Amino acid sequence: MKKDIILSGVGGQGILTIAAIIGNAALRKGLFIKQSEVHGMSQRGGDVQANLRISSKPVLSDLIPEGKADLIISVEPMEALRYVHMLDKENGWLITSTNPLKNIPDYPDMDDILNEIKNLPRYVVLDAEKIAKDIGSAKAANIVVLGASAPFVDLEYDVLEDSIKEIFARKGDDIVNMNLKALKAGFEIAQKSK
Amino acid sequence: MNKLLLLGDEAIAQGAIDAGLSGVYAYPGTPSTEITEYIQSSKEAKEKGIISTWATNEKTALEGGLGMSYAGKKAMICMKHVGLNVAADAFMNAAITGTNGGLVVVAADDPSMHSSQNEQDSRFYGKFAMIPVLEPSNQQEAYDMTYFAFQLSEKYDVPVMLRVTTRLAHSRSGIVRKKAIPQNNMTLPHDSKQFILLPSIARKRYSGLLGKQAAFETESESSGYNKYFPGEDKKLGIIACGLAYNYLMENFQEKKLPYPLLKISQYPAPSEMINNLYEEVDELLILEEGYPLLEEQIRGILNKGKKIKGRLDGTIPRAGELNPNIVAEALGLPVPKGYDIPSILKGRPPVLCDGCPHIDSFEALNDAMKPYGPGRVFSDIGCYTLAALKPLEAINTCVDMGASITMAVGAADAGLIPSVAVIGDSTFTHSGMTGLLDAVIKKSPVTVFILDNSTVGMTGGQNSAAFGRLEGIVKGLGVEEEHIRIVKPLRRLHDENLKVYEEEIAYKGVSVIITRRECVQTLARRMKMKFANKKK
């Protein structure tokens, strides 16, 4: 198996946490992984991305080749579009939240953004923030998006749950349970789209 | 066996710990910062008593490491590529003195300048200093080669360079550890004159270094880190250095690479292996993540032999990092394309955080400079460099660490008065103190703003050497006390602060204005930890 995943969003939105959970799950299953991330300047409210590659064979390039990404997982809708040139036209899926982060003066019209996303053959969009708030914490929006991506990463759901338990263990049971709920909520939305 | 999931940087750190490291010396710099941070937060490193405090700059770091090596123990020095410019005097001469305890210098380069002023290739420095250079292609090699680098250093009593780039430094993969080697005991150098570079001794040391070059090349030919892979199609031979190897092989996962290949991860370049490849093929393609260093050497000035393809003939773009698609194009392979990026997409450049003290400092400075016109603000490297962008557009230069003060002095010499310098607190202790001394001695009519957010901000909030010391340093350098002003950069204090700025900018002598308010990121983290501890 192989899954090449691009994670995108704005600095501070928790993309690397998503990457850590998927990466942890992949390692548990004995898969090979490479996960590249951007540090330094890109954290300051700029666009950030991570390349996460999981495979049953050793992974070579840390960067995903253009046109070969199986999945774009984005916590911000405009950032989702920034990487469509990486997406595999035959099989690629785009999963994104619809919550814009408008920290630039010329942020495009949300309708235009949604239209561009809906032009793609395979996508899932969800109001991750609202779902997260309904569960009890807006901060879990990134995990909601992860849940929505779960049907597409080719890893068993319970393995992802185990990873969440391990990664958030030191933050206490309440946080762990909140994130498990967030994962499930996102997952349920995506099941309908698949 | 259990694999650790580590960044390339972390693999280097763990490799050093397992190789018997006694001290890491470094200044924060993307993409090298995480090496030292890993050691600083490693329980194992703490138990082993490994020294890991941040140095004031890369030069003091390298010299500190050299001192530990002098005393017989293993030291590692970490920096980004431009940091090696700062450390260059110590670096070059450490190659001449040679080492006692193993000494490894890690240079983390940033091709495509994701977070830097340039994309210089540190392998040049290794060649310049005539020491071995190791260039891993993946995280496991980063671990293995760091471990090996200490052995190589102690075998030949020379510093060894380990060179990585952003895409390896900041990429995570599983690695397997080796057996840990204990640290060295303290021992003085056998030759009591080894480290004294008086000309009469330096000539001997230099001669010794020259005498080791052949052995370094033999190591490159025999260590196994440079590997030859045969291929049937002799129309082309490929040399792939470091990370370039991955990008090449990424394109040959389903089908076998038909061309003979030389993977290079150790320098000096193995001339015999290169020559053997050259002899058997019609043309060569050279893939390097960085400058066309090897390509230029192989091509030579005359370029009279077989066709050499690479960055210099346009086969590969001259600038910027490599990726699998660039390599595919260079080989004439079909390059898959994704969707077109929609035209509605807008850039999202990095910005100063909400509530950042620098915003307030610059808003007041913009007002203060209005009567004098544009072009007079000389700045430096840090989060505050972002003030060059909209909406602040407050600075006019950013060149290298500390250049703000010294360039302001030079501009004032030329008649540009007032000239103003803006520098961060840790950039100031890194390389600003000497410039301020120049200004004081010359009685230069400059105003130096030290933006004291009490941290090394851009790299993630490491401890600043300036903390608690700024006033004392500035006074000690000779700035008149009545022209050392301290303000708190806050919106509600804008008018009050503006008055201070105006007074000091008008003063025709050296003024230092320290604008002091903690970085909002480090403040948030501190509060979070405080709250978490209280709960316990």
# chains A, B, ... in the order shown; residues from 1 in each chain; ligands from 1
call {"tool": "residues_around", "arguments": {"residues": "Thr165 of chain B", "least_positions_apart": "4", "cutoff": "12 Å", "atoms": "only C-alpha atoms", "output": "ChimeraX atom specification"}}
result
/A:62 /B:7-9,30-32,79-81,106-115,119-123,135-139,142,169-171,241-244,288-290,320-322
call {"tool": "write_last_selection", "arguments": {"atoms": "N, CA and C atoms", "output": "CSV table (one decimal), in the first residue's frame"}}
result
chain,number,residue,atom,x,y,z
A,62,ASP,N,11.5,12.6,0.3
A,62,ASP,CA,10.7,13.1,1.4
A,62,ASP,C,9.6,14.0,0.8
B,7,LEU,N,13.1,13.4,13.1
B,7,LEU,CA,13.5,14.3,12.1
B,7,LEU,C,14.9,14.0,11.7
B,8,GLY,N,15.4,14.4,10.5
B,8,GLY,CA,16.8,14.3,10.2
B,8,GLY,C,17.6,14.9,11.2
B,9,ASP,N,17.2,16.1,11.7
B,9,ASP,CA,18.0,16.8,12.8
B,9,ASP,C,18.1,16.0,14.0
B,30,THR,N,17.4,28.1,11.4
B,30,THR,CA,16.6,27.1,10.6
B,30,THR,C,17.5,26.7,9.4
B,31,PRO,N,17.6,25.4,9.1
B,31,PRO,CA,17.0,24.2,9.7
B,31,PRO,C,17.8,23.4,10.6
B,32,SER,N,18.7,24.0,11.5
B,32,SER,CA,19.5,23.3,12.4
B,32,SER,C,19.1,23.2,13.8
B,79,MET,N,24.8,24.6,13.1
B,79,MET,CA,24.5,25.9,12.6
B,79,MET,C,23.8,25.8,11.3
B,80,LYS,N,23.1,26.9,10.9
B,80,LYS,CA,22.6,26.9,9.5
B,80,LYS,C,23.7,27.3,8.6
B,81,HIS,N,23.5,27.3,7.3
B,81,HIS,CA,24.6,27.6,6.4
B,81,HIS,C,25.3,28.9,6.6
B,106,VAL,N,28.1,20.4,12.1
B,106,VAL,CA,27.0,20.2,11.3
B,106,VAL,C,26.5,21.5,10.7
B,107,ALA,N,26.4,21.5,9.4
B,107,ALA,CA,25.9,22.6,8.6
B,107,ALA,C,24.6,22.2,8.0
B,108,ALA,N,23.6,23.0,8.3
B,108,ALA,CA,22.3,22.7,7.7
B,108,ALA,C,21.9,23.7,6.7
B,109,ASP,N,21.9,23.4,5.4
B,109,ASP,CA,21.7,24.3,4.3
B,109,ASP,C,20.2,24.5,4.0
B,110,ASP,N,19.9,25.6,3.3
B,110,ASP,CA,18.5,25.9,3.0
B,110,ASP,C,18.3,26.2,1.5
B,111,PRO,N,18.5,25.2,0.6
B,111,PRO,CA,18.3,25.5,-0.8
B,111,PRO,C,16.8,26.0,-1.0
B,112,SER,N,16.7,26.9,-1.9
B,112,SER,CA,15.4,27.6,-2.1
B,112,SER,C,15.1,28.7,-1.0
B,113,MET,N,16.0,28.8,-0.1
B,113,MET,CA,15.9,29.9,0.9
B,113,MET,C,14.5,30.0,1.6
B,114,HIS,N,14.0,28.8,2.1
B,114,HIS,CA,12.7,28.8,2.7
B,114,HIS,C,12.7,29.8,3.9
B,115,SER,N,13.9,30.0,4.5
B,115,SER,CA,13.9,30.8,5.8
B,115,SER,C,15.3,31.4,5.9
B,119,GLU,N,21.2,30.7,-0.4
B,119,GLU,CA,21.2,29.3,-0.4
B,119,GLU,C,22.6,28.7,-0.6
B,120,GLN,N,23.6,29.4,0.0
B,120,GLN,CA,25.0,28.9,-0.1
B,120,GLN,C,25.2,27.5,0.3
B,121,ASP,N,26.1,26.8,-0.3
B,121,ASP,CA,26.3,25.4,-0.1
B,121,ASP,C,27.5,25.1,0.8
B,122,SER,N,27.3,24.6,1.9
B,122,SER,CA,28.3,24.4,2.9
B,122,SER,C,29.4,23.4,2.5
B,123,ARG,N,29.1,22.6,1.5
B,123,ARG,CA,30.2,21.7,1.1
B,123,ARG,C,31.4,22.4,0.6
B,135,GLU,N,27.5,13.7,3.6
B,135,GLU,CA,26.2,14.2,3.2
B,135,GLU,C,25.2,13.1,3.1
B,136,PRO,N,24.4,12.9,4.2
B,136,PRO,CA,23.4,11.8,4.2
B,136,PRO,C,22.3,12.0,3.2
B,137,SER,N,21.7,11.0,2.8
B,137,SER,CA,20.5,11.0,1.9
B,137,SER,C,19.2,10.8,2.6
B,138,ASN,N,19.3,10.2,3.8
B,138,ASN,CA,18.0,10.0,4.5
B,138,ASN,C,18.3,10.0,6.0
B,139,GLN,N,17.2,9.8,6.8
B,139,GLN,CA,17.3,10.0,8.2
B,139,GLN,C,18.3,8.9,8.8
B,142,ALA,N,21.7,9.9,8.2
B,142,ALA,CA,22.0,11.0,9.1
B,142,ALA,C,22.5,10.5,10.4
B,169,ALA,N,16.6,17.7,7.1
B,169,ALA,CA,16.6,18.2,8.5
B,169,ALA,C,15.2,18.1,9.1
B,170,HIS,N,14.2,18.6,8.3
B,170,HIS,CA,12.8,18.7,8.8
B,170,HIS,C,11.9,17.7,8.3
B,171,SER,N,12.4,16.5,8.0
B,171,SER,CA,11.5,15.4,7.6
B,171,SER,C,11.7,14.2,8.5
B,241,CYS,N,24.2,13.3,-5.5
B,241,CYS,CA,24.8,13.6,-4.2
B,241,CYS,C,23.7,13.8,-3.1
B,242,GLY,N,23.9,13.2,-2.0
B,242,GLY,CA,23.0,13.4,-0.9
B,242,GLY,C,21.5,13.2,-1.2
B,243,LEU,N,20.7,14.2,-0.9
B,243,LEU,CA,19.3,14.0,-1.1
B,243,LEU,C,18.8,13.8,-2.5
B,244,ALA,N,19.7,14.2,-3.5
B,244,ALA,CA,19.3,14.1,-4.9
B,244,ALA,C,19.1,12.6,-5.2
B,288,GLU,N,22.9,17.6,-7.7
B,288,GLU,CA,23.3,18.0,-6.4
B,288,GLU,C,22.3,18.9,-5.8
B,289,GLU,N,22.0,18.7,-4.5
B,289,GLU,CA,21.1,19.5,-3.8
B,289,GLU,C,21.9,20.7,-3.2
B,290,GLY,N,22.0,21.8,-4.1
B,290,GLY,CA,22.8,22.9,-3.7
B,290,GLY,C,23.5,23.5,-4.9
B,320,GLY,N,17.7,27.0,-6.5
B,320,GLY,CA,16.6,26.3,-5.9
B,320,GLY,C,16.8,24.8,-5.6
B,321,GLU,N,16.0,24.3,-4.7
B,321,GLU,CA,16.1,22.9,-4.3
B,321,GLU,C,15.6,22.0,-5.5
B,322,LEU,N,16.0,20.7,-5.3
B,322,LEU,CA,15.6,19.7,-6.3
B,322,LEU,C,14.2,19.1,-5.8
call {"tool": "interface_residues", "arguments": {"of": "chain B", "to": "chain A", "cutoff": "9 Å", "atoms": "only C-alpha atoms", "output": "PDB file with N, CA and C atoms, in the first residue's frame"}}
result
ATOM      1  N   LYS B   3      11.738   1.098  15.968  1.00  0.00           N
ATOM      2  CA  LYS B   3      12.249   2.244  15.234  1.00  0.00           C
ATOM      3  C   LYS B   3      11.813   3.505  15.940  1.00  0.00           C
ATOM      4  N   LEU B   5      10.860   7.394  15.429  1.00  0.00           N
ATOM      5  CA  LEU B   5      10.436   8.285  14.345  1.00  0.00           C
ATOM      6  C   LEU B   5      11.081   9.636  14.599  1.00  0.00           C
ATOM      7  N   LEU B   7      13.094  13.359  13.122  1.00  0.00           N
ATOM      8  CA  LEU B   7      13.481  14.294  12.078  1.00  0.00           C
ATOM      9  C   LEU B   7      14.948  14.024  11.731  1.00  0.00           C
ATOM     10  N   GLY B  29      19.145  28.352  14.340  1.00  0.00           N
ATOM     11  CA  GLY B  29      19.135  28.744  12.927  1.00  0.00           C
ATOM     12  C   GLY B  29      18.437  27.669  12.125  1.00  0.00           C
ATOM     13  N   THR B  30      17.384  28.066  11.395  1.00  0.00           N
ATOM     14  CA  THR B  30      16.639  27.101  10.601  1.00  0.00           C
ATOM     15  C   THR B  30      17.480  26.679   9.399  1.00  0.00           C
ATOM     16  N   PRO B  31      17.646  25.405   9.090  1.00  0.00           N
ATOM     17  CA  PRO B  31      16.977  24.238   9.676  1.00  0.00           C
ATOM     18  C   PRO B  31      17.817  23.403  10.648  1.00  0.00           C
ATOM     19  N   HIS B 114      14.043  28.814   2.074  1.00  0.00           N
ATOM     20  CA  HIS B 114      12.720  28.848   2.710  1.00  0.00           C
ATOM     21  C   HIS B 114      12.708  29.813   3.881  1.00  0.00           C
ATOM     22  N   SER B 115      13.868  29.971   4.521  1.00  0.00           N
ATOM     23  CA  SER B 115      13.920  30.760   5.752  1.00  0.00           C
ATOM     24  C   SER B 115      15.300  31.384   5.909  1.00  0.00           C
ATOM     25  N   ASN B 138      19.261  10.227   3.772  1.00  0.00           N
ATOM     26  CA  ASN B 138      18.017   9.976   4.498  1.00  0.00           C
ATOM     27  C   ASN B 138      18.296   9.975   5.998  1.00  0.00           C
ATOM     28  N   THR B 166      17.351  21.382   4.270  1.00  0.00           N
ATOM     29  CA  THR B 166      16.042  21.520   4.913  1.00  0.00           C
ATOM     30  C   THR B 166      15.171  20.274   4.794  1.00  0.00           C
ATOM     31  N   ARG B 167      15.072  19.716   3.577  1.00  0.00           N
ATOM     32  CA  ARG B 167      14.113  18.633   3.352  1.00  0.00           C
ATOM     33  C   ARG B 167      14.492  17.348   4.075  1.00  0.00           C
ATOM     34  N   LEU B 168      15.719  17.238   4.512  1.00  0.00           N
ATOM     35  CA  LEU B 168      16.109  16.091   5.337  1.00  0.00           C
ATOM     36  C   LEU B 168      16.047  16.481   6.807  1.00  0.00           C
ATOM     37  N   ALA B 169      16.550  17.675   7.113  1.00  0.00           N
ATOM     38  CA  ALA B 169      16.570  18.151   8.500  1.00  0.00           C
ATOM     39  C   ALA B 169      15.162  18.147   9.097  1.00  0.00           C
ATOM     40  N   HIS B 170      14.178  18.555   8.291  1.00  0.00           N
ATOM     41  CA  HIS B 170      12.818  18.719   8.799  1.00  0.00           C
ATOM     42  C   HIS B 170      11.871  17.661   8.271  1.00  0.00           C
ATOM     43  N   SER B 171      12.384  16.480   8.044  1.00  0.00           N
ATOM     44  CA  SER B 171      11.526  15.381   7.616  1.00  0.00           C
ATOM     45  C   SER B 171      11.745  14.206   8.548  1.00  0.00           C
ATOM     46  N   ARG B 172      10.659  13.565   8.906  1.00  0.00           N
ATOM     47  CA  ARG B 172      10.678  12.510   9.900  1.00  0.00           C
ATOM     48  C   ARG B 172      10.643  11.133   9.242  1.00  0.00           C
ATOM     49  N   SER B 173      11.420  10.203   9.772  1.00  0.00           N
ATOM     50  CA  SER B 173      11.312   8.827   9.303  1.00  0.00           C
ATOM     51  C   SER B 173      11.820   7.912  10.404  1.00  0.00           C
ATOM     52  N   GLY B 174      11.596   6.601  10.229  1.00  0.00           N
ATOM     53  CA  GLY B 174      12.019   5.679  11.279  1.00  0.00           C
ATOM     54  C   GLY B 174      13.505   5.400  11.205  1.00  0.00           C
ATOM     55  N   LEU B 243      20.701  14.153  -0.902  1.00  0.00           N
ATOM     56  CA  LEU B 243      19.259  14.021  -1.067  1.00  0.00           C
ATOM     57  C   LEU B 243      18.834  13.786  -2.510  1.00  0.00           C
ATOM     58  N   ALA B 244      19.658  14.249  -3.453  1.00  0.00           N
ATOM     59  CA  ALA B 244      19.319  14.092  -4.867  1.00  0.00           C
ATOM     60  C   ALA B 244      19.078  12.621  -5.209  1.00  0.00           C
ATOM     61  N   TYR B 245      19.772  11.736  -4.500  1.00  0.00           N
ATOM     62  CA  TYR B 245      19.610  10.292  -4.728  1.00  0.00           C
ATOM     63  C   TYR B 245      18.151   9.872  -4.566  1.00  0.00           C
ATOM     64  N   ASN B 246      17.501  10.369  -3.533  1.00  0.00           N
ATOM     65  CA  ASN B 246      16.098   9.992  -3.291  1.00  0.00           C
ATOM     66  C   ASN B 246      15.196  10.435  -4.416  1.00  0.00           C
ATOM     67  N   TYR B 247      15.429  11.673  -4.867  1.00  0.00           N
ATOM     68  CA  TYR B 247      14.563  12.225  -5.908  1.00  0.00           C
ATOM     69  C   TYR B 247      14.739  11.455  -7.202  1.00  0.00           C
ATOM     70  N   LEU B 248      15.974  11.020  -7.446  1.00  0.00           N
ATOM     71  CA  LEU B 248      16.242  10.210  -8.633  1.00  0.00           C
ATOM     72  C   LEU B 248      15.500   8.874  -8.521  1.00  0.00           C
ATOM     73  N   MET B 249      15.721   8.161  -7.422  1.00  0.00           N
ATOM     74  CA  MET B 249      15.173   6.820  -7.274  1.00  0.00           C
ATOM     75  C   MET B 249      13.657   6.824  -7.131  1.00  0.00           C
ATOM     76  N   GLU B 250      13.089   7.938  -6.686  1.00  0.00           N
ATOM     77  CA  GLU B 250      11.633   8.065  -6.599  1.00  0.00           C
ATOM     78  C   GLU B 250      11.015   7.820  -7.973  1.00  0.00           C
ATOM     79  N   ASN B 251      11.754   8.207  -9.020  1.00  0.00           N
ATOM     80  CA  ASN B 251      11.252   8.056 -10.382  1.00  0.00           C
ATOM     81  C   ASN B 251      11.465   6.655 -10.938  1.00  0.00           C
ATOM     82  N   ASN B 323      13.564  18.394  -6.661  1.00  0.00           N
ATOM     83  CA  ASN B 323      12.429  17.581  -6.247  1.00  0.00           C
ATOM     84  C   ASN B 323      12.282  16.469  -7.280  1.00  0.00           C
ATOM     85  N   PRO B 324      11.415  15.474  -7.044  1.00  0.00           N
ATOM     86  CA  PRO B 324      11.342  14.349  -7.971  1.00  0.00           C
ATOM     87  C   PRO B 324      10.987  14.774  -9.396  1.00  0.00           C
ATOM     88  N   ASN B 325      10.152  15.797  -9.544  1.00  0.00           N
ATOM     89  CA  ASN B 325       9.723  16.185 -10.887  1.00  0.00           C
ATOM     90  C   ASN B 325      10.827  16.861 -11.678  1.00  0.00           C
ATOM     91  N   VAL B 335       6.229  13.581 -16.853  1.00  0.00           N
ATOM     92  CA  VAL B 335       5.990  14.159 -15.533  1.00  0.00           C
ATOM     93  C   VAL B 335       4.490  14.307 -15.322  1.00  0.00           C
ATOM     94  N   PRO B 336       3.932  13.574 -14.349  1.00  0.00           N
ATOM     95  CA  PRO B 336       2.489  13.683 -14.140  1.00  0.00           C
ATOM     96  C   PRO B 336       2.126  15.092 -13.678  1.00  0.00           C
ATOM     97  N   LYS B 337       0.975  15.538 -14.076  1.00  0.00           N
ATOM     98  CA  LYS B 337       0.546  16.868 -13.631  1.00  0.00           C
ATOM     99  C   LYS B 337      -0.746  16.737 -12.846  1.00  0.00           C
ATOM    100  N   GLY B 338      -0.852  17.548 -11.831  1.00  0.00           N
ATOM    101  CA  GLY B 338      -2.106  17.603 -11.082  1.00  0.00           C
ATOM    102  C   GLY B 338      -3.019  18.615 -11.744  1.00  0.00           C
ATOM    103  N   TYR B 339      -3.894  19.187 -10.943  1.00  0.00           N
ATOM    104  CA  TYR B 339      -4.819  20.195 -11.463  1.00  0.00           C
ATOM    105  C   TYR B 339      -4.131  21.549 -11.507  1.00  0.00           C
ATOM    106  N   ASP B 340      -4.672  22.438 -12.342  1.00  0.00           N
ATOM    107  CA  ASP B 340      -4.122  23.798 -12.352  1.00  0.00           C
ATOM    108  C   ASP B 340      -4.533  24.510 -11.085  1.00  0.00           C
ATOM    109  N   ILE B 341      -3.598  25.292 -10.535  1.00  0.00           N
ATOM    110  CA  ILE B 341      -3.940  26.053  -9.335  1.00  0.00           C
ATOM    111  C   ILE B 341      -4.883  27.185  -9.742  1.00  0.00           C
ATOM    112  N   PRO B 342      -6.040  27.311  -9.079  1.00  0.00           N
ATOM    113  CA  PRO B 342      -6.996  28.348  -9.465  1.00  0.00           C
ATOM    114  C   PRO B 342      -6.396  29.750  -9.341  1.00  0.00           C
ATOM    115  N   ILE B 344      -7.762  32.390  -8.437  1.00  0.00           N
ATOM    116  CA  ILE B 344      -8.256  33.196  -7.316  1.00  0.00           C
ATOM    117  C   ILE B 344      -7.342  33.098  -6.094  1.00  0.00           C
ATOM    118  N   LEU B 345      -6.405  32.158  -6.129  1.00  0.00           N
ATOM    119  CA  LEU B 345      -5.553  31.935  -4.965  1.00  0.00           C
ATOM    120  C   LEU B 345      -4.678  33.148  -4.661  1.00  0.00           C
ATOM    121  N   LYS B 346      -4.564  33.502  -3.387  1.00  0.00           N
ATOM    122  CA  LYS B 346      -3.741  34.639  -3.014  1.00  0.00           C
ATOM    123  C   LYS B 346      -2.578  34.187  -2.138  1.00  0.00           C
ATOM    124  N   GLY B 347      -1.505  34.966  -2.186  1.00  0.00           N
ATOM    125  CA  GLY B 347      -0.367  34.646  -1.334  1.00  0.00           C
ATOM    126  C   GLY B 347      -0.699  34.895   0.121  1.00  0.00           C
ATOM    127  N   ARG B 348      -0.107  34.135   0.986  1.00  0.00           N
ATOM    128  CA  ARG B 348      -0.320  34.322   2.414  1.00  0.00           C
ATOM    129  C   ARG B 348       1.063  34.379   3.076  1.00  0.00           C
ATOM    130  N   PRO B 349       1.709  35.536   2.998  1.00  0.00           N
ATOM    131  CA  PRO B 349       3.060  35.623   3.537  1.00  0.00           C
ATOM    132  C   PRO B 349       3.050  35.559   5.060  1.00  0.00           C
ATOM    133  N   PRO B 350       4.141  35.153   5.675  1.00  0.00           N
ATOM    134  CA  PRO B 350       4.196  35.133   7.131  1.00  0.00           C
ATOM    135  C   PRO B 350       4.039  36.556   7.670  1.00  0.00           C
ATOM    136  N   VAL B 351       3.368  36.696   8.777  1.00  0.00           N
ATOM    137  CA  VAL B 351       3.130  38.021   9.371  1.00  0.00           C
ATOM    138  C   VAL B 351       3.534  37.998  10.831  1.00  0.00           C
ATOM    139  N   LEU B 352       3.663  39.174  11.397  1.00  0.00           N
ATOM    140  CA  LEU B 352       3.911  39.256  12.834  1.00  0.00           C
ATOM    141  C   LEU B 352       2.651  38.785  13.555  1.00  0.00           C
ATOM    142  N   CYS B 353       2.845  38.071  14.663  1.00  0.00           N
ATOM    143  CA  CYS B 353       1.708  37.546  15.420  1.00  0.00           C
ATOM    144  C   CYS B 353       0.830  38.667  15.951  1.00  0.00           C
ATOM    145  N   CYS B 383      12.299  38.034  13.676  1.00  0.00           N
ATOM    146  CA  CYS B 383      10.879  38.185  13.343  1.00  0.00           C
ATOM    147  C   CYS B 383      10.621  39.599  12.812  1.00  0.00           C
ATOM    148  N   MET B 458      12.258  34.031  15.999  1.00  0.00           N
ATOM    149  CA  MET B 458      11.898  33.417  14.714  1.00  0.00           C
ATOM    150  C   MET B 458      12.132  31.919  14.693  1.00  0.00           C
ATOM    151  N   THR B 459      13.129  31.474  15.448  1.00  0.00           N
ATOM    152  CA  THR B 459      13.481  30.063  15.431  1.00  0.00           C
ATOM    153  C   THR B 459      12.680  29.250  16.444  1.00  0.00           C
ATOM    154  N   GLY B 460      11.752  29.894  17.166  1.00  0.00           N
ATOM    155  CA  GLY B 460      10.889  29.124  18.051  1.00  0.00           C
ATOM    156  C   GLY B 460      10.957  29.500  19.522  1.00  0.00           C
TER     157      GLY B 460
END
call {"tool": "atom_distance", "arguments": {"atom1": "atom CA of Gly424 of chain B", "atom2": "atom CA of Ala466 of chain B"}}
result
9.6 Å
call {"tool": "residues_around", "arguments": {"residues": "Met145 of chain B", "least_positions_apart": "4", "cutoff": "7 Å", "atoms": "only C-alpha atoms", "output": "MDAnalysis selection string"}}
result
chainID B and resid 134 136 141 149
call {"tool": "closest_residue", "arguments": {"among": "B:Tyr278, B:Tyr267, B:Phe91, B:Phe428", "to": "Arg469 of chain B", "atoms": "only C-alpha atoms"}}
result
B:Phe428
call {"tool": "atom_distance", "arguments": {"atom1": "atom CA of Tyr143 of chain B", "atom2": "atom CA of Glu47 of chain B"}}
result
20.5 Å
call {"tool": "select_by_dssp", "arguments": {"residues": "segment 5-111 of chain A", "states": "helix (DSSP H, G or I)", "output": "number ranges by chain"}}
result
A: 15-28, 40-43, 77-81, 84-86, 110-111
call {"tool": "residues_around", "arguments": {"residues": "segment 441-454 of chain B", "least_positions_apart": "5", "cutoff": "8 Å", "atoms": "only C-alpha atoms", "output": "ChimeraX atom specification"}}
result
/B:357-358,361,405,408-409,412-413,417-426,428,463-464,466-467,504-505,507-519
call {"tool": "closest_atom_pairs", "arguments": {"of": "segment 43-133 of chain A", "to": "segment 144-155 of chain A", "cutoff": "8 Å", "atoms": "only C-alpha atoms", "output": "JSON lines"}}
result
{"residue": "A:Leu71", "atom": "CA", "partner": "A:Phe152", "partner_atom": "CA", "distance": 7.6}
{"residue": "A:Ile73", "atom": "CA", "partner": "A:Ser149", "partner_atom": "CA", "distance": 6.9}
{"residue": "A:Ser74", "atom": "CA", "partner": "A:Val145", "partner_atom": "CA", "distance": 7.5}
{"residue": "A:Val75", "atom": "CA", "partner": "A:Val145", "partner_atom": "CA", "distance": 6.6}
{"residue": "A:Trp93", "atom": "CA", "partner": "A:Phe152", "partner_atom": "CA", "distance": 7.9}
{"residue": "A:Ile95", "atom": "CA", "partner": "A:Ser149", "partner_atom": "CA", "distance": 6.3}
{"residue": "A:Thr96", "atom": "CA", "partner": "A:Val145", "partner_atom": "CA", "distance": 6.7}
{"residue": "A:Ser97", "atom": "CA", "partner": "A:Val145", "partner_atom": "CA", "distance": 6.5}
{"residue": "A:Val124", "atom": "CA", "partner": "A:Ala148", "partner_atom": "CA", "distance": 7.6}
{"residue": "A:Leu126", "atom": "CA", "partner": "A:Val145", "partner_atom": "CA", "distance": 7.8}
{"residue": "A:Ala128", "atom": "CA", "partner": "A:Val144", "partner_atom": "CA", "distance": 5.9}
{"residue": "A:Ile131", "atom": "CA", "partner": "A:Val144", "partner_atom": "CA", "distance": 7.4}
{"residue": "A:Ala132", "atom": "CA", "partner": "A:Val144", "partner_atom": "CA", "distance": 6.7}
call {"tool": "select_by_dssp", "arguments": {"residues": "segment 177-342 of chain B", "states": "strand (DSSP E or B)", "output": "PyMOL selection string"}}
result
chain B and resi 227-229+236-241+261-264+266-267+283-287+307-309
call {"tool": "residues_around", "arguments": {"residues": "Asn179 of chain A", "least_positions_apart": "2", "cutoff": "8 Å", "atoms": "only C-alpha atoms", "output": "number ranges by chain"}}
result
A: 140, 143, 164, 175-177, 181-183
call {"tool": "write_last_selection", "arguments": {"atoms": "C-alpha atoms", "output": "short mmCIF file (atom, residue, chain, number, x, y, z; two decimals), in the first residue's frame"}}
result
data_model
loop_
_atom_site.label_atom_id
_atom_site.label_comp_id
_atom_site.auth_asym_id
_atom_site.auth_seq_id
_atom_site.Cartn_x
_atom_site.Cartn_y
_atom_site.Cartn_z
CA ALA A 140 -10.46 20.10 17.98
CA ILE A 143 -9.06 16.39 14.51
CA ILE A 164 -4.79 9.76 19.43
CA ILE A 175 -8.71 15.96 26.05
CA VAL A 176 -8.24 12.42 24.78
CA ASN A 177 -11.97 11.77 24.82
CA LYS A 181 -15.30 12.37 19.63
CA ALA A 182 -13.97 14.88 17.12
CA LEU A 183 -12.45 12.06 15.08
#
call {"tool": "residues_around", "arguments": {"residues": "segment 211-217 of chain B", "least_positions_apart": "6", "cutoff": "9 Å", "atoms": "only C-alpha atoms", "output": "list in words"}}
result
Met130, Ile131, Pro132, Tyr156, Tyr267, Pro268, Ala269, Pro270 and Ser271 of chain B
call {"tool": "residues_around", "arguments": {"residues": "segment 495-499 of chain B", "least_positions_apart": "6", "cutoff": "8 Å", "atoms": "only C-alpha atoms", "output": "ChimeraX atom specification"}}
result
/B:364-365,367-368,487-489
call {"tool": "write_last_selection", "arguments": {"atoms": "C-alpha atoms", "output": "mmCIF file, in the first residue's frame"}}
result
data_model
loop_
_atom_site.group_PDB
_atom_site.id
_atom_site.type_symbol
_atom_site.label_atom_id
_atom_site.label_comp_id
_atom_site.auth_asym_id
_atom_site.auth_seq_id
_atom_site.Cartn_x
_atom_site.Cartn_y
_atom_site.Cartn_z
ATOM 1 C CA ALA B 364 5.963 54.528 16.525
ATOM 2 C CA LEU B 365 9.165 54.425 14.466
ATOM 3 C CA ASP B 367 5.719 58.116 12.769
ATOM 4 C CA ALA B 368 9.066 59.297 14.126
ATOM 5 C CA VAL B 487 10.232 51.936 26.693
ATOM 6 C CA LYS B 488 7.430 49.421 26.618
ATOM 7 C CA PRO B 489 6.020 48.984 23.114
#
